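Okay, structure first, notes after.
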Amino acid sequence: MVVLMKVSRLIILLALLSGVACELRGPQDDEPTTLVEADLVIKNAKIFTSNSEQTWAEAVAISDGKFVYVGDHEGVKAIQAAMSLDLQGRMVLPGLIDGHAHPGYVNVENFGEVSGETKEALLASVKAYAEQHPDQRWLRLCCWPTAMFVEGGEGPRKEVLDAVVPDRLVWFESETAHDFWLNSKALAELGVDSKTPDPKPGLAMYARDEQGNPTGWIKEGAGVQHFAEQFALTDPSQIQRHKDAVAEILDVMSGHGLTAIFDAGNKGYGDHVYSVIASLEREGRLPLRYYGTYQIFTPERAEKAIAEVKRYRREYGGSLLRFNSVKVFMDGISANQSASYTQPYLGSGIATEPLLSTEELTTLLLSLHEEQLDLMVHSIGDRAIKTVLDAVEGAKAKVRGPFYPRVTVAHLALIDPADVDRIEALDVVANFSPWWFGVEDSPVVRNLLGPERYDVMYPARTVFDTGARVTFSSDEWWGGDMLPTYVSPYLGIQTGHTRQYPKEWWQSENDGIRAPVAERLELEQLLAGYTRNGAYQLRLEDTLGAIEVGKDADFVVLEEDLFQIDPHTIWTLQPSLVVMQGQIMHGALPE
């Protein structure tokens, strides 16, 4: 990343020296507007503006980091500028926005990696790791496969880990990162026994046997609440490794053309993560606008969420790092049966309640209204989504005048058909991670939900067509070598458009299209979600989200036409130029 490249400095210098005065007229303007110091004119481009009133343009002019002209070739001829750039038909998009990401969490966790194709092989790997690391107090391992150890309502047992590592503290993360497997010694270290209450029964919980004793299987917030204390970052080398990893992935995201992101939380490590982001901003190494939050993953955290967000704002906030929102996990995920559905899971009969009741969430929303803060909600199941919509409706009914919080519901894997139109009616923002829309190679969720529910999941097109604001996101932080791909908006655009993963990932000659086929999104819809709708979610619609006169000059140049190339190659796109507020962040101006 280059915050201000030589070419960008040249633009500003020439503009200051020239003092150019010119009259600009957009294609729909009646009167000319006198402007001074047009720094750069870009012409002969295919520009998707994401402005619904003027979707396409051929030329733009930029002055002082903002668009001052957007229009056709004829209109731009009258503009004198310090520099003129002919893009020779290249495609230009507005700067992109990721509405739900976790880049600050990359490499916070320091796992010992174990593996095995069978239970016996995996446990042998656990034992070998323990023997090879005799000085580690906690053996924090990754990752056990859900399908290998979960059947119906039964999950992994502490006695199985005890048999291979009886005298060490073992914390074994699942492949989903939403549930955990502990041995007896680890449970005792945490003080978890038959008398320990679940933060939220069925969701943030300790699985128990018939006598009420913890089995060693811990779900969601019941485990996450221990992270920051038990696994605090204290080792200087790990702290530096984390900072370097965060700087690197933010640079990658910027290189993809992202100029703003919403960080959906960091599992209790908020102070550590946001101190790192703040330091990157002070050092001039934060390459995009970064919106942080405070996570509610156990009910008691709702009581201090607003105070914590305001504290984050005071202690870490800057011009690029901002805090305007609270995040709540209304449910978990389907694979460990913590997502909240109106119908129970097949095989286990489990019916999980949302983290907060309608009344509790309504109370939180009214407090957010008073403090002028927004809300991001993790909701997978239709029961969780319905609870959110009921709470929004209830809170709005109690407020005289405009309701302040912008409520964004993320994931929306399954929506009750009766609730689809309510999303738009209540002005709730729907956030999907479209790169999830491909055909899964594991039957776990299908078996738990049954084909009727499974085959209508992620109805993004249906929601979009109601007129609701839909935004898109990556929601990824631990992809290893694949992380740069997972956070790419072009992977999301391709998979959202085709409902297929890249052909290179297929498990068969043709993995097929994820049902329902009718939920495939148009490219224009996907771009709207990554631009103007994302700007609305972050309250940036006055400055971002479209190539439009008066807005910040954030844009991306692509060498290939997104609308003309093979849709199965979209995920490989990489911008040749990324500009934020008129400054070159990646690439260079074409010659």
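Convention: chains lettered A, B, ... in structure tokens order; per-chain residue numbering from 1; ligands numbered from 1 as shown.
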May I have a table of the residues of segment 248-352 of chain A lying at most 12 Å from segment 91-98 of chain A, giving each one's closest pair of atoms and their distance in Å to one decimal, counting only C-alpha atoms, ordered by chain and ascending residue number, as a Markdown table?
```
| residue | atom | partner | partner_atom | distance |
| --- | --- | --- | --- | --- |
| A:Leu250 | CA | A:Asp98 | CA | 11.7 |
| A:Met253 | CA | A:Asp98 | CA | 9.2 |
| A:Ser254 | CA | A:Leu96 | CA | 9.2 |
| A:Gly255 | CA | A:Leu96 | CA | 10.8 |
| A:His256 | CA | A:Leu96 | CA | 8.5 |
| A:Gly257 | CA | A:Leu96 | CA | 5.8 |
| A:Leu258 | CA | A:Leu96 | CA | 4.5 |
| A:Thr259 | CA | A:Gly95 | CA | 5.5 |
| A:Ala260 | CA | A:Ile97 | CA | 5.0 |
| A:Ile261 | CA | A:Asp98 | CA | 4.6 |
| A:Phe262 | CA | A:Asp98 | CA | 6.3 |
| A:Asp263 | CA | A:Asp98 | CA | 8.8 |
| A:Ala264 | CA | A:Asp98 | CA | 10.4 |
| A:Leu288 | CA | A:Ile97 | CA | 9.7 |
| A:Arg289 | CA | A:Ile97 | CA | 9.3 |
| A:Tyr290 | CA | A:Asp98 | CA | 10.0 |
| A:Tyr291 | CA | A:Asp98 | CA | 10.3 |
```
Do you know which residues are at most 9 Å from Val276 of chain A counting only C-alpha atoms, after dropping those on the same chain fewer than 2 positions away, and could you put them as number ranges by chain? A: 104, 242-243, 246, 271-274, 278-281
Between atom CA of Tyr501 of chain A and atom CA of Val150 of chain A, distance in Å (one decimal): 26.3 Å
Taking only C-alpha atoms into account, name the residue in A:Leu521, A:Leu527, A:Ala78, A:Val114 that is nearest to Gln132 of chain A. A:Val114
A:Phe472, A:Tyr129, A:Phe464, A:Trp505 ranked by distance to Glu522 of chain A, top pick (using only C-alpha atoms):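 Ranking A:Phe472, A:Tyr129, A:Phe464, A:Trp505 by distance to Glu522 of chain A, first place goes to A:Phe464.
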Near His226 of chain A, within 10 Å and counting only C-alpha atoms, which residues show up once chain neighbours fewer than 6 positions away are dropped, as a list in words? Leu190, Ala232, Lys267 and Gly268 of chain A
Which neighbours of Arg406 of chain A fall inside 8 Å, counting only C-alpha atoms, when residues of the same chain fewer than 3 positions from it are skipped, and could you give them as a VMD selection string? chain A and resid 373 to 375 427 to 429 537
Pull N, CA and C atoms from the residues just selected and write them as a CSV table (one decimal), in the first residue's frame.
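Saved the output as result.csv:
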```
chain,number,residue,atom,x,y,z
A,373,LEU,N,-26.9,5.5,18.2
A,373,LEU,CA,-26.0,4.4,17.8
A,373,LEU,C,-26.8,3.4,16.9
A,374,ASP,N,-26.1,2.6,16.1
A,374,ASP,CA,-26.7,1.7,15.2
A,374,ASP,C,-26.5,0.2,15.8
A,375,LEU,N,-27.1,-0.7,15.1
A,375,LEU,CA,-27.1,-2.1,15.6
A,375,LEU,C,-26.8,-3.0,14.4
A,427,ASP,N,-37.3,-0.8,7.2
A,427,ASP,CA,-36.1,-0.2,6.9
A,427,ASP,C,-34.9,-0.8,7.5
A,428,VAL,N,-35.0,-2.2,7.6
A,428,VAL,CA,-33.8,-3.0,8.1
A,428,VAL,C,-32.9,-3.3,6.9
A,429,VAL,N,-31.6,-3.2,7.1
A,429,VAL,CA,-30.6,-3.5,6.1
A,429,VAL,C,-30.3,-5.0,6.2
A,537,GLN,N,-25.5,1.7,5.0
A,537,GLN,CA,-25.3,0.9,6.2
A,537,GLN,C,-24.4,1.7,7.2
```
Ranking A:Thr408, A:Ser508, A:Thr358, A:Thr498 by minimum distance to Glu393 of chain A and counting only C-alpha atoms, which one comes first? A:Thr358
Extract the full set of helix (DSSP H, G or I) residues from segment 427-537 of chain A according to DSSP on the backbone, and format it as a ChimeraX atom specification. /A:434-436,444-449,451-454,460-465,480-486,489-498,503-505,517-519,523-530,532-537
Spatial neighbours of Ile423 of chain A, 9 Å, only C-alpha atoms, chain gap at least 3 places, as a PyMOL selection string: chain A and resi 389+419-420+426-430+463+466+468-469
Excluding Lys127 of chain A and residues on its chain fewer than 5 positions from it, collect all residues at most 12 Å away from it, counting only C-alpha atoms, and give them as a PyMOL selection string. chain A and resi 112-116+120-122+132-134+139+141+160-168+170
May I have the selected residues written with N, CA and C atoms, as an mmCIF file, in the first residue's frame?
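The resulting file, result-v2.cif, is reproduced below:
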```
data_model
loop_
_atom_site.group_PDB
_atom_site.id
_atom_site.type_symbol
_atom_site.label_atom_id
_atom_site.label_comp_id
_atom_site.auth_asym_id
_atom_site.auth_seq_id
_atom_site.Cartn_x
_atom_site.Cartn_y
_atom_site.Cartn_z
ATOM 1 N N GLY A 112 -2.350 -24.593 17.940
ATOM 2 C CA GLY A 112 -1.541 -25.729 17.540
ATOM 3 C C GLY A 112 -2.352 -26.550 16.558
ATOM 4 N N GLU A 113 -1.811 -26.790 15.387
ATOM 5 C CA GLU A 113 -2.573 -27.483 14.349
ATOM 6 C C GLU A 113 -2.412 -28.986 14.474
ATOM 7 N N VAL A 114 -3.562 -29.672 14.500
ATOM 8 C CA VAL A 114 -3.595 -31.131 14.531
ATOM 9 C C VAL A 114 -4.512 -31.593 13.411
ATOM 10 N N SER A 115 -4.348 -32.838 12.973
ATOM 11 C CA SER A 115 -5.164 -33.314 11.852
ATOM 12 C C SER A 115 -5.272 -34.825 11.899
ATOM 13 N N GLY A 116 -6.245 -35.328 11.150
ATOM 14 C CA GLY A 116 -6.458 -36.764 11.057
ATOM 15 C C GLY A 116 -7.735 -37.058 10.313
ATOM 16 N N GLU A 120 -9.471 -41.722 15.449
ATOM 17 C CA GLU A 120 -8.259 -42.264 16.050
ATOM 18 C C GLU A 120 -7.018 -41.495 15.608
ATOM 19 N N ALA A 121 -6.974 -41.148 14.320
ATOM 20 C CA ALA A 121 -5.817 -40.411 13.806
ATOM 21 C C ALA A 121 -5.782 -38.988 14.379
ATOM 22 N N LEU A 122 -6.937 -38.368 14.491
ATOM 23 C CA LEU A 122 -6.981 -37.017 15.038
ATOM 24 C C LEU A 122 -6.537 -36.997 16.494
ATOM 25 N N GLN A 132 5.041 -32.984 22.137
ATOM 26 C CA GLN A 132 6.042 -32.136 21.492
ATOM 27 C C GLN A 132 6.093 -30.728 22.086
ATOM 28 N N HIS A 133 5.107 -30.377 22.909
ATOM 29 C CA HIS A 133 5.037 -29.032 23.498
ATOM 30 C C HIS A 133 4.801 -29.151 25.001
ATOM 31 N N PRO A 134 5.771 -29.686 25.705
ATOM 32 C CA PRO A 134 5.580 -29.948 27.138
ATOM 33 C C PRO A 134 5.452 -28.679 27.989
ATOM 34 N N LEU A 139 -3.059 -26.187 25.879
ATOM 35 C CA LEU A 139 -2.925 -26.746 24.547
ATOM 36 C C LEU A 139 -4.154 -26.284 23.760
ATOM 37 N N LEU A 141 -5.890 -26.055 20.456
ATOM 38 C CA LEU A 141 -5.728 -26.812 19.222
ATOM 39 C C LEU A 141 -6.840 -26.507 18.223
ATOM 40 N N VAL A 160 -13.087 -38.537 26.216
ATOM 41 C CA VAL A 160 -12.284 -38.945 25.053
ATOM 42 C C VAL A 160 -10.964 -38.182 25.042
ATOM 43 N N LEU A 161 -11.013 -36.879 25.331
ATOM 44 C CA LEU A 161 -9.768 -36.113 25.420
ATOM 45 C C LEU A 161 -8.955 -36.517 26.642
ATOM 46 N N ASP A 162 -9.643 -36.808 27.746
ATOM 47 C CA ASP A 162 -8.946 -37.223 28.966
ATOM 48 C C ASP A 162 -8.090 -38.455 28.712
ATOM 49 N N ALA A 163 -8.587 -39.328 27.852
ATOM 50 C CA ALA A 163 -7.878 -40.589 27.608
ATOM 51 C C ALA A 163 -6.539 -40.370 26.925
ATOM 52 N N VAL A 164 -6.392 -39.270 26.162
ATOM 53 C CA VAL A 164 -5.130 -39.038 25.452
ATOM 54 C C VAL A 164 -4.288 -37.954 26.123
ATOM 55 N N VAL A 165 -4.946 -36.967 26.766
ATOM 56 C CA VAL A 165 -4.218 -35.912 27.473
ATOM 57 C C VAL A 165 -4.938 -35.649 28.798
ATOM 58 N N PRO A 166 -4.657 -36.448 29.828
ATOM 59 C CA PRO A 166 -5.403 -36.318 31.081
ATOM 60 C C PRO A 166 -4.906 -35.212 32.014
ATOM 61 N N ASP A 167 -3.644 -34.807 31.877
ATOM 62 C CA ASP A 167 -3.026 -33.944 32.884
ATOM 63 C C ASP A 167 -2.616 -32.576 32.356
ATOM 64 N N ARG A 168 -3.166 -32.185 31.209
ATOM 65 C CA ARG A 168 -2.880 -30.874 30.611
ATOM 66 C C ARG A 168 -4.191 -30.172 30.297
ATOM 67 N N VAL A 170 -6.620 -28.673 27.841
ATOM 68 C CA VAL A 170 -6.862 -28.801 26.401
ATOM 69 C C VAL A 170 -8.095 -28.001 26.006
#
```
Every residue of segment 21-206 of chain A that DSSP places in strand (DSSP E), as JSON, numbers by chain: {"A": [21, 22, 23, 24, 33, 34, 35, 36, 40, 41, 42, 43, 46, 47, 48, 49, 50, 51, 54, 55, 56, 57, 59, 60, 61, 62, 63, 66, 67, 68, 69, 70, 71, 83, 84, 85, 86, 91, 92, 93, 94, 96, 97, 98, 99, 100, 101, 112, 113, 138, 139, 140, 141, 142, 143, 144, 169, 170, 171, 172, 173, 174, 179, 180, 181, 182, 205, 206]}
So that each row is one residue of segment 111-195 of chain A with an atom at most 12 Å from segment 338-341 of chain A, can you give its shortest atom pair and the distance in Å to one decimal, using only C-alpha atoms, rows by chain and rising number, as a tab-separated table?
```
residue	atom	partner	partner_atom	distance
A:Gly153	CA	A:Ser338	CA	10.9
A:His178	CA	A:Ser338	CA	9.1
A:Asp179	CA	A:Ser338	CA	9.5
```
Atom CA of Glu74 of chain A to atom CA of Leu40 of chain A, straight-line distance in Å: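 Atom CA of Glu74 of chain A lies 16.3 Å from atom CA of Leu40 of chain A.
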Atom pair atom CA of Lys158 of chain A / atom CA of Thr352 of chain A: separation (Å):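 Atom CA of Thr352 of chain A lies at a distance of 23.2 Å from atom CA of Lys158 of chain A.
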Measuring between only C-alpha atoms, which one of A:Pro344, A:Gly545, A:Gly496, A:Pro489 shows the shortest distance to Arg453 of chain A? A:Pro344
Pick out the residues sitting within 12 Å of Ala307 of chain A, and hand them over as a list of chain:residue names; count only C-alpha atoms, and ignore anything fewer than 2 positions along from it in its own chain.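 Within the cut-off, the hits are A:Thr293, A:Tyr294, A:Arg301, A:Ala302, A:Glu303, A:Lys304, A:Ala305, A:Val309, A:Lys310, A:Arg311, A:Tyr312, A:Arg313, A:Arg314, A:Phe323, A:Asn324, A:Ser325, A:Val326, A:Ser367, A:Leu368, A:Glu371, A:Leu373.
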Choose the residue, out of A:Leu540, A:Ile47, A:Ala186, A:Leu449, that has the smallest atom-to-atom separation from Asp552 of chain A; count only C-alpha atoms.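 Residue with the minimum atom-to-atom distance to Asp552 of chain A: A:Leu540.
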